[in-house]
Amino acid sequence: MSGADAKNLEAISRAIDQHNANCPFPASEVRMNPFEIERLGWEEIRGLPIVGDDSLGTGRFRIVCSREGAGEELEETEAIGTPIEVGAPDPSAN
């Protein structure tokens, strides 16, 4: 895992912890820009599914509260990651 990926994982993990510490309903998913999901190659973080969301810019993510399904107002936590440059994949690496 690259240093930027590790920082992203750490930021998302902290946001999940912050949500779960401040809300009686646990986090249910992490939403990210589909490009970021493809770039990172992650399907889940700490057991939470990662869901593509075109409304989020690259370098951002959103923690979704499980109470969304309980008919209550949605609580969102959004954080900004460290911008990184992504190049085209190296075709010889396959």
# chains A, B, ... in the order shown; residues from 1 in each chain; ligands from 1

$ select_by_dssp --residues "segment 7-41 of chain A" --states "alpha helix (DSSP H)" --output "compact mmCIF listing (two decimals) with N, CA, C and O atoms, in the first residue's frame"
# COMPACT_ATOMS: atom_id res chain seq x y z
N LYS A 7 -2.64 6.88 4.02
CA LYS A 7 -3.23 8.08 4.61
C LYS A 7 -4.73 8.12 4.38
O LYS A 7 -5.50 8.51 5.26
N ASN A 8 -5.17 7.71 3.17
CA ASN A 8 -6.61 7.66 2.89
C ASN A 8 -7.30 6.67 3.82
O ASN A 8 -8.34 6.96 4.38
N LEU A 9 -6.72 5.48 3.97
CA LEU A 9 -7.29 4.46 4.84
C LEU A 9 -7.38 4.98 6.28
O LEU A 9 -8.39 4.80 6.96
N GLU A 10 -6.33 5.65 6.73
CA GLU A 10 -6.31 6.20 8.09
C GLU A 10 -7.39 7.27 8.27
O GLU A 10 -8.10 7.28 9.27
N ALA A 11 -7.55 8.16 7.29
CA ALA A 11 -8.56 9.22 7.38
C ALA A 11 -9.97 8.63 7.40
O ALA A 11 -10.82 9.07 8.18
N ILE A 12 -10.21 7.64 6.56
CA ILE A 12 -11.53 7.02 6.52
C ILE A 12 -11.80 6.27 7.83
O ILE A 12 -12.89 6.36 8.39
N SER A 13 -10.80 5.57 8.33
CA SER A 13 -10.94 4.83 9.58
C SER A 13 -11.25 5.78 10.74
O SER A 13 -12.12 5.50 11.58
N ARG A 14 -10.58 6.92 10.79
CA ARG A 14 -10.84 7.92 11.84
C ARG A 14 -12.26 8.46 11.73
O ARG A 14 -12.94 8.67 12.73
N ALA A 15 -12.73 8.70 10.50
CA ALA A 15 -14.09 9.22 10.29
C ALA A 15 -15.13 8.18 10.74
O ALA A 15 -16.15 8.55 11.33
N ILE A 16 -14.88 6.91 10.46
CA ILE A 16 -15.78 5.85 10.93
C ILE A 16 -15.82 5.83 12.45
O ILE A 16 -16.89 5.78 13.06
N ASP A 17 -14.65 5.90 13.08
CA ASP A 17 -14.58 5.93 14.55
C ASP A 17 -15.31 7.13 15.12
O ASP A 17 -16.03 7.02 16.11
N GLN A 18 -15.12 8.30 14.51
CA GLN A 18 -15.77 9.52 14.99
C GLN A 18 -17.28 9.38 14.88
O GLN A 18 -18.01 9.72 15.82
N HIS A 19 -17.76 8.87 13.75
CA HIS A 19 -19.21 8.69 13.60
C HIS A 19 -19.75 7.74 14.66
O HIS A 19 -20.73 8.05 15.34
N ASN A 20 -19.10 6.58 14.79
CA ASN A 20 -19.59 5.57 15.73
C ASN A 20 -19.52 6.02 17.18
O ASN A 20 -20.32 5.60 18.00
N ALA A 21 -18.58 6.91 17.51
CA ALA A 21 -18.47 7.42 18.88
C ALA A 21 -19.54 8.47 19.19
O ALA A 21 -19.90 8.65 20.35
N ASN A 22 -20.06 9.14 18.15
CA ASN A 22 -20.99 10.24 18.36
C ASN A 22 -22.42 9.94 17.96
O ASN A 22 -23.28 10.82 18.05
N PRO A 34 -16.50 6.99 -7.91
CA PRO A 34 -16.17 5.71 -8.55
C PRO A 34 -14.72 5.64 -9.06
O PRO A 34 -14.11 4.57 -9.01
N PHE A 35 -14.18 6.76 -9.53
CA PHE A 35 -12.79 6.77 -9.98
C PHE A 35 -11.85 6.42 -8.84
O PHE A 35 -10.90 5.64 -9.01
N GLU A 36 -12.12 6.96 -7.65
CA GLU A 36 -11.27 6.67 -6.48
C GLU A 36 -11.37 5.20 -6.09
O GLU A 36 -10.37 4.58 -5.74
N ILE A 37 -12.58 4.65 -6.15
CA ILE A 37 -12.76 3.24 -5.81
C ILE A 37 -11.95 2.36 -6.76
O ILE A 37 -11.25 1.44 -6.33
N GLU A 38 -12.03 2.67 -8.05
CA GLU A 38 -11.28 1.90 -9.04
C GLU A 38 -9.78 2.05 -8.83
O GLU A 38 -9.02 1.07 -8.88
N ARG A 39 -9.34 3.26 -8.56
CA ARG A 39 -7.91 3.52 -8.36
C ARG A 39 -7.37 2.78 -7.14
O ARG A 39 -6.32 2.16 -7.19
N LEU A 40 -8.13 2.82 -6.05
CA LEU A 40 -7.68 2.17 -4.82
C LEU A 40 -7.83 0.65 -4.89
O LEU A 40 -7.08 -0.07 -4.25

$ residues_around --residues "Ile50 of chain A" --least-positions-apart "6" --cutoff "6 Å" --atoms "only C-alpha atoms" --output "ChimeraX atom specification"
/A:30-31,43-44

$ select_by_dssp --residues "segment 22-74 of chain A" --states "strand (DSSP E)" --output "list in words"
Ala27, Ser28, Glu29, Val30, Arg31, Met32, Glu44, Ile45, Leu48, Pro49, Ile50, Val51, Gly52, Arg60, Phe61, Arg62, Ile63, Val64 and Cys65 of chain A

$ closest_residue --among "A:Glu29, A:Arg67, A:Ser2, A:Cys23" --to "Leu48 of chain A" --atoms "only C-alpha atoms"
A:Glu29
